[in-house]
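Printed here is work_34.csv (CSV, C-alpha atoms):
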```csv
chain,number,residue,atom,x,y,z
A,15,MET,CA,154.7,-48.0,90.6
A,16,THR,CA,152.4,-47.7,93.6
A,17,GLY,CA,152.4,-49.8,96.7
A,18,ASN,CA,149.0,-51.2,95.8
A,19,THR,CA,150.4,-52.7,92.6
A,20,GLU,CA,153.5,-54.1,94.4
A,21,GLN,CA,151.1,-55.9,96.8
A,22,GLN,CA,149.2,-57.4,93.9
A,23,PHE,CA,152.5,-58.7,92.4
A,24,THR,CA,153.5,-60.4,95.7
A,25,ARG,CA,150.1,-62.0,96.0
A,26,TYR,CA,150.0,-63.4,92.4
A,27,ARG,CA,150.5,-67.1,92.0
A,28,ILE,CA,149.7,-69.3,89.0
A,29,ARG,CA,146.6,-71.2,89.9
A,30,THR,CA,147.1,-75.0,90.6
A,31,GLY,CA,144.8,-76.0,87.8
A,32,LYS,CA,146.5,-73.8,85.4
A,33,ARG,CA,149.9,-75.1,86.4
A,34,VAL,CA,148.8,-78.7,86.1
A,35,PHE,CA,147.5,-78.0,82.6
A,36,ASP,CA,150.8,-76.2,81.7
A,37,LEU,CA,152.9,-79.2,82.8
A,38,PHE,CA,150.7,-81.7,80.9
A,39,PHE,CA,150.4,-79.6,77.7
A,40,SER,CA,154.1,-78.6,77.5
A,41,SER,CA,155.3,-82.2,78.2
A,42,LEU,CA,153.0,-83.6,75.5
A,43,ALA,CA,154.1,-80.9,73.0
A,44,LEU,CA,157.7,-81.6,73.6
A,45,LEU,CA,157.2,-85.3,73.2
A,46,ILE,CA,155.2,-84.9,69.9
A,47,PHE,CA,157.5,-82.3,68.4
A,48,SER,CA,160.9,-83.8,69.5
A,49,PRO,CA,161.6,-85.3,66.1
A,50,ILE,CA,160.9,-81.9,64.4
A,51,MET,CA,163.1,-80.1,67.0
A,52,LEU,CA,166.0,-82.4,66.2
A,53,LEU,CA,165.7,-81.5,62.5
A,54,ILE,CA,165.5,-77.8,63.3
A,55,ILE,CA,168.7,-78.1,65.4
A,56,ALA,CA,170.5,-79.7,62.5
A,57,ALA,CA,169.2,-77.1,60.0
A,58,VAL,CA,170.1,-74.1,62.2
A,59,LYS,CA,173.6,-75.5,63.0
A,60,ILE,CA,174.4,-76.3,59.3
A,61,THR,CA,173.1,-73.2,57.7
A,62,SER,CA,174.6,-70.4,59.9
A,63,ARG,CA,177.3,-69.8,62.5
A,64,GLY,CA,176.3,-69.4,66.1
A,65,PRO,CA,174.4,-71.3,68.8
A,66,VAL,CA,171.3,-73.3,68.0
A,67,PHE,CA,169.2,-71.7,70.7
A,68,TYR,CA,168.7,-68.0,71.2
A,69,LYS,CA,168.7,-67.0,74.9
A,70,SER,CA,167.7,-63.7,76.4
A,71,LEU,CA,166.7,-62.3,79.7
A,72,ARG,CA,162.9,-61.6,79.8
A,73,VAL,CA,160.6,-60.1,82.3
A,74,GLY,CA,157.5,-62.1,83.4
A,75,THR,CA,155.1,-61.9,86.2
A,76,GLY,CA,155.7,-59.2,88.8
A,77,TYR,CA,158.9,-58.2,86.9
A,78,ASP,CA,160.5,-61.6,87.6
A,79,ILE,CA,163.5,-62.0,85.3
A,80,PHE,CA,164.2,-65.4,83.6
A,81,THR,CA,166.2,-66.9,80.7
A,82,PHE,CA,163.9,-67.1,77.6
A,83,TYR,CA,164.5,-69.8,74.9
A,84,LYS,CA,163.9,-69.8,71.2
A,85,PHE,CA,165.5,-71.4,68.2
A,86,ARG,CA,168.0,-68.9,66.8
A,87,THR,CA,166.5,-67.2,63.6
A,88,MET,CA,169.0,-64.4,63.1
A,89,TYR,CA,172.6,-64.2,62.1
A,90,LYS,CA,175.2,-64.1,64.9
A,91,GLY,CA,175.6,-60.6,66.4
A,92,ALA,CA,172.1,-59.5,65.3
A,93,ASP,CA,171.3,-57.8,68.6
A,94,ALA,CA,174.1,-55.4,68.1
A,95,GLU,CA,172.6,-54.3,64.8
A,96,ARG,CA,169.2,-53.3,66.3
A,97,THR,CA,170.0,-49.6,66.7
A,98,LYS,CA,170.9,-49.3,63.0
A,99,LEU,CA,167.3,-50.4,62.1
A,100,SER,CA,165.5,-48.1,64.5
A,101,GLU,CA,164.1,-45.9,61.8
A,102,LEU,CA,162.4,-49.0,60.3
A,103,ASN,CA,160.6,-49.9,63.5
A,104,GLU,CA,157.0,-50.4,62.5
A,105,TYR,CA,155.7,-49.3,66.0
A,106,LEU,CA,157.4,-45.9,65.4
A,107,ILE,CA,156.2,-45.7,61.9
A,108,SER,CA,152.6,-46.4,62.9
A,109,HIS,CA,152.6,-43.1,64.9
A,110,LYS,CA,155.0,-41.2,62.7
A,111,ILE,CA,157.1,-40.3,65.7
A,112,LYS,CA,160.2,-38.2,65.1
A,113,ASN,CA,162.3,-37.2,68.0
A,114,ASP,CA,160.9,-34.1,69.8
A,115,ASP,CA,158.9,-32.7,66.9
A,116,PHE,CA,155.8,-31.0,68.3
A,117,THR,CA,154.6,-29.5,65.0
A,118,ASN,CA,151.7,-31.9,64.7
A,119,ILE,CA,149.9,-31.1,67.9
A,120,GLU,CA,146.3,-32.2,68.3
A,121,ASN,CA,143.9,-30.4,70.5
A,122,CYS,CA,143.9,-31.5,74.1
A,123,PRO,CA,140.5,-33.3,74.8
A,124,ASP,CA,140.6,-31.9,78.4
A,125,CYS,CA,141.0,-28.3,77.5
A,126,LYS,CA,138.1,-26.0,77.0
A,127,GLU,CA,138.2,-22.9,74.9
A,128,GLY,CA,139.9,-20.2,76.9
A,129,GLN,CA,140.3,-22.5,79.9
A,130,PRO,CA,143.4,-24.7,79.6
A,131,CYS,CA,143.4,-27.8,81.8
A,132,SER,CA,147.0,-27.3,82.9
A,133,PRO,CA,149.8,-24.8,82.6
A,134,ILE,CA,150.7,-23.7,79.1
A,135,LEU,CA,154.1,-24.6,77.7
A,136,PHE,CA,155.9,-23.4,74.6
A,137,ILE,CA,157.8,-26.3,72.8
A,138,ASP,CA,159.6,-25.5,69.6
A,139,GLY,CA,157.5,-22.4,69.3
A,140,ILE,CA,154.2,-24.3,69.7
A,141,GLU,CA,151.8,-23.6,72.5
A,142,ILE,CA,150.7,-26.8,74.3
A,143,CYS,CA,149.2,-27.5,77.7
A,144,GLU,CA,151.3,-29.5,80.2
A,145,ASN,CA,148.9,-32.4,80.3
A,146,MET,CA,149.0,-32.8,76.5
A,147,TYR,CA,152.8,-32.6,76.5
A,148,LEU,CA,153.1,-35.3,79.1
A,149,ARG,CA,150.6,-37.5,77.3
A,150,LYS,CA,152.5,-37.2,74.0
A,151,LYS,CA,155.8,-37.8,75.8
A,152,ARG,CA,154.4,-41.0,77.4
A,153,MET,CA,153.1,-42.1,74.0
A,154,ARG,CA,156.5,-41.6,72.4
A,155,ILE,CA,158.2,-43.6,75.2
A,156,LEU,CA,155.7,-46.4,74.7
A,157,GLU,CA,156.0,-46.4,70.9
A,158,SER,CA,159.8,-46.5,71.1
A,159,THR,CA,159.7,-49.4,73.5
A,160,PHE,CA,158.5,-52.1,71.2
A,161,PHE,CA,160.5,-53.2,68.1
A,162,LYS,CA,159.5,-54.9,64.9
A,163,VAL,CA,161.0,-54.5,61.4
A,164,LYS,CA,159.4,-55.8,58.2
A,165,ASP,CA,161.7,-58.0,56.1
A,166,ASP,CA,164.4,-57.8,58.8
A,167,PRO,CA,167.8,-58.4,57.0
A,168,ARG,CA,169.2,-60.0,60.2
A,169,ILE,CA,167.0,-63.0,59.8
A,170,THR,CA,168.5,-66.1,58.2
A,171,PRO,CA,166.7,-68.1,55.4
A,172,VAL,CA,166.0,-70.9,57.8
A,173,GLY,CA,165.0,-68.4,60.5
A,174,LYS,CA,162.4,-66.9,58.1
A,175,PHE,CA,160.8,-70.3,57.7
A,176,LEU,CA,160.9,-71.0,61.4
A,177,ARG,CA,159.2,-67.7,62.2
A,178,GLY,CA,156.6,-68.0,59.6
A,179,SER,CA,155.7,-71.5,60.9
A,180,HIS,CA,156.1,-70.5,64.6
A,181,LEU,CA,158.5,-73.5,65.0
A,182,ASP,CA,161.1,-71.1,66.5
A,183,GLU,CA,159.0,-70.9,69.6
A,184,LEU,CA,159.0,-74.6,70.5
A,185,PRO,CA,161.8,-74.3,73.1
A,186,GLN,CA,159.5,-72.1,75.1
A,187,PHE,CA,157.8,-75.2,76.3
A,188,PHE,CA,160.9,-75.8,78.4
A,189,ASN,CA,160.3,-72.4,80.0
A,190,VAL,CA,156.7,-73.6,80.8
A,191,LEU,CA,158.1,-76.8,82.4
A,192,LYS,CA,160.5,-74.7,84.5
A,193,GLY,CA,157.6,-72.5,85.7
A,194,ASP,CA,158.9,-69.3,84.1
A,195,MET,CA,156.0,-69.1,81.7
A,196,SER,CA,152.5,-70.4,81.2
A,197,ILE,CA,150.8,-71.7,78.0
A,198,VAL,CA,148.5,-68.6,78.0
A,199,GLY,CA,149.5,-65.2,79.3
A,200,ASN,CA,151.2,-62.0,78.3
A,201,ARG,CA,154.4,-62.2,76.2
A,202,PRO,CA,157.5,-61.9,78.3
A,203,ILE,CA,159.4,-58.8,77.1
A,204,PRO,CA,163.1,-58.0,77.0
A,205,LEU,CA,164.6,-55.9,79.8
A,206,TYR,CA,165.0,-52.8,77.6
A,207,GLU,CA,161.3,-52.8,77.0
A,208,ALA,CA,160.2,-53.6,80.6
A,209,GLU,CA,162.3,-50.8,82.1
A,210,LYS,CA,160.2,-48.3,80.2
A,211,LEU,CA,156.8,-49.8,81.3
A,212,THR,CA,157.0,-48.7,85.0
A,213,THR,CA,153.8,-46.8,85.6
A,214,ASP,CA,150.7,-48.5,87.0
A,215,GLU,CA,148.9,-47.9,83.6
A,216,TRP,CA,151.5,-50.0,81.8
A,217,SER,CA,152.8,-52.3,84.5
A,218,TYR,CA,149.4,-53.8,85.2
A,219,ARG,CA,150.2,-56.3,82.4
A,220,PHE,CA,152.8,-57.9,84.7
A,221,LEU,CA,150.1,-59.1,87.0
A,222,ALA,CA,149.4,-61.9,84.6
A,223,PRO,CA,151.8,-64.8,83.9
A,224,ALA,CA,154.2,-64.7,81.0
A,225,GLY,CA,152.7,-66.9,78.2
A,226,ILE,CA,153.5,-68.5,74.8
A,227,THR,CA,150.2,-67.2,73.5
A,228,GLY,CA,147.7,-64.6,74.6
A,229,LEU,CA,145.1,-62.0,73.6
A,230,TRP,CA,147.6,-60.0,71.6
A,231,GLN,CA,148.6,-63.0,69.5
A,232,VAL,CA,145.1,-63.8,68.5
A,233,ASP,CA,143.9,-60.2,68.0
A,234,ASN,CA,142.4,-59.6,64.5
A,235,SER,CA,142.8,-55.8,64.4
A,236,LYS,CA,146.3,-56.0,62.8
A,237,SER,CA,147.1,-52.9,64.8
A,238,MET,CA,150.7,-52.0,65.0
A,239,LYS,CA,150.1,-49.4,67.7
A,240,ALA,CA,151.9,-50.2,71.0
A,241,GLU,CA,149.0,-49.0,73.1
A,242,ASN,CA,146.9,-51.7,71.6
A,243,ARG,CA,149.4,-54.3,72.8
A,244,ILE,CA,149.3,-52.8,76.3
A,245,ARG,CA,145.5,-52.6,76.3
A,246,LEU,CA,145.2,-56.3,75.4
A,247,ASP,CA,147.8,-57.3,77.9
A,248,ASN,CA,146.1,-55.3,80.7
A,249,LYS,CA,142.7,-56.8,79.6
A,250,TYR,CA,144.0,-60.4,80.0
A,251,SER,CA,145.3,-59.5,83.4
A,252,MET,CA,141.8,-58.6,84.4
A,253,ILE,CA,139.8,-61.4,82.7
A,254,ALA,CA,142.1,-64.4,83.0
A,255,SER,CA,140.2,-67.6,83.7
A,256,PRO,CA,140.4,-71.2,82.5
A,257,TRP,CA,137.5,-70.6,80.1
A,258,GLN,CA,139.3,-67.5,78.6
A,259,ASP,CA,142.5,-69.5,78.3
A,260,LEU,CA,140.7,-72.2,76.4
A,261,ILE,CA,139.2,-69.6,74.0
A,262,ILE,CA,142.6,-68.1,73.4
A,263,ILE,CA,144.2,-71.6,72.7
A,264,LEU,CA,141.4,-72.4,70.2
A,265,LYS,CA,141.9,-69.1,68.5
A,266,THR,CA,145.7,-69.6,68.4
A,267,ILE,CA,145.4,-72.8,66.3
A,268,PRO,CA,144.2,-71.1,63.1
A,269,SER,CA,146.6,-68.2,63.7
A,270,LEU,CA,149.5,-70.7,63.5
A,271,PHE,CA,148.9,-70.9,59.8
A,272,LYS,CA,149.4,-67.2,59.2
A,273,ILE,CA,152.9,-65.7,58.5
A,274,LYS,CA,154.3,-64.0,61.5
A,275,THR,CA,157.6,-62.1,61.7
A,276,THR,CA,157.8,-60.6,65.2
A,277,ASN,CA,161.3,-59.8,66.4
A,278,TYR,CA,161.1,-60.7,70.0
```
Have the structure of the file written as structure tokens, please.
Amino acid sequence: MTGNTEQQFTRYRIRTGKRVFDLFFSSLALLIFSPIMLLIIAAVKITSRGPVFYKSLRVGTGYDIFTFYKFRTMYKGADAERTKLSELNEYLISHKIKNDDFTNIENCPDCKEGQPCSPILFIDGIEICENMYLRKKRMRILESTFFKVKDDPRITPVGKFLRGSHLDELPQFFNVLKGDMSIVGNRPIPLYEAEKLTTDEWSYRFLAPAGITGLWQVDNSKSMKAENRIRLDNKYSMIASPWQDLIIILKTIPSLFKIKTTNY
């Protein structure tokens, strides 16, 4: 990333008002939901082997790394099974990406007839300008970054209920109390995803705090395209304000009643 972006990372701090709200809201939420959390702990422990809480290293503001908490919703050893399900990744399916197949090349929008915008390359017998090749390569990296599988077989019966009701995310309020996250922000992503989002175009999302909910969570487009996630994350980084946070929180409430099965 450029030095300018690095300087922005070092300057970013969660505003005092936002932090006060985070502390109040997360403390209140933990107090209200503590009886339900005790029931969830018992249900997870009784119905499947493994720890009650799922812990993973996530990347938040300015590439800060922290331990992220959720209730465990998958069988023990599920992370090791991820590669076996790569072909079912909905982000890949949405763009029909297949290794280095360049047979479905679209016309470069920057090229003019008889005047290519960059040097011409020949990939798998297909003629393509360098700019278009790099654009498609970046897209494939982006689409292979995020991971979501419909009807994931690694999810336990109790885990399916917890995900559908969003109750698996209650431990994240502890992350908010610790200052790792905010109530509203961009979702903290695993290390294997963050290491691929290193250009300024993609890393701009890390200028905003990591959050439990955000623009992507309340988006109504139902888009499974990874660039839509990045676009919304970048947008929040630019428009973040107390008023915008309030709007997102109000939109999050009805979305809690919709079934959701994200795998991160």
Within 7 Å of Leu246 (chain A) using only C-alpha atoms, minus same-chain residues under 4 positions, as a PyMOL selection string
chain A and resi 229-230+242+250
Set the distance at 12 Å and use only C-alpha atoms: which residues neighbour Lys90 (chain A) once local chain neighbours fewer than 4 positions away are removed? I'd like the list as a ChimeraX atom specification.
/A:58-59,61-68,86,94-95,168-170,173
Smallest atom-to-atom distance to Gly199 (chain A): which of A:Pro185, A:Gly228, A:Pro130, A:Pro171, using all atoms listed in the file?
A:Gly228
Smallest atom-to-atom distance to Arg219 (chain A): which of A:Trp257, A:Phe85, A:Tyr77, A:Phe188, using only C-alpha atoms?
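Residue with the minimum atom-to-atom distance to Arg219 (chain A): A:Tyr77.
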Measure the distance from CA of Glu207 (chain A) to CA of His180 (chain A) in Å and round it to one decimal.
22.2 Å
Got a sec to check which residues sit within 12 Å of (151.4, -73.5, 65.5), counting all atoms listed in the file, and write them as a list in words?
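Those within range, by chain then number, are Ala43, Phe47, Leu176, Arg177, Gly178, Ser179, His180, Leu181, Asp182, Glu183, Leu184, Ile226, Thr227, Gln231, Val232, Ile263, Leu264, Lys265, Thr266, Ile267, Pro268, Ser269, Leu270, Phe271, Lys272, Ile273 and Lys274 of chain A.
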Distance of CA of Asn248 (chain A) from CA of Gln186 (chain A), expressed in Å to one decimal place:
22.2 Å
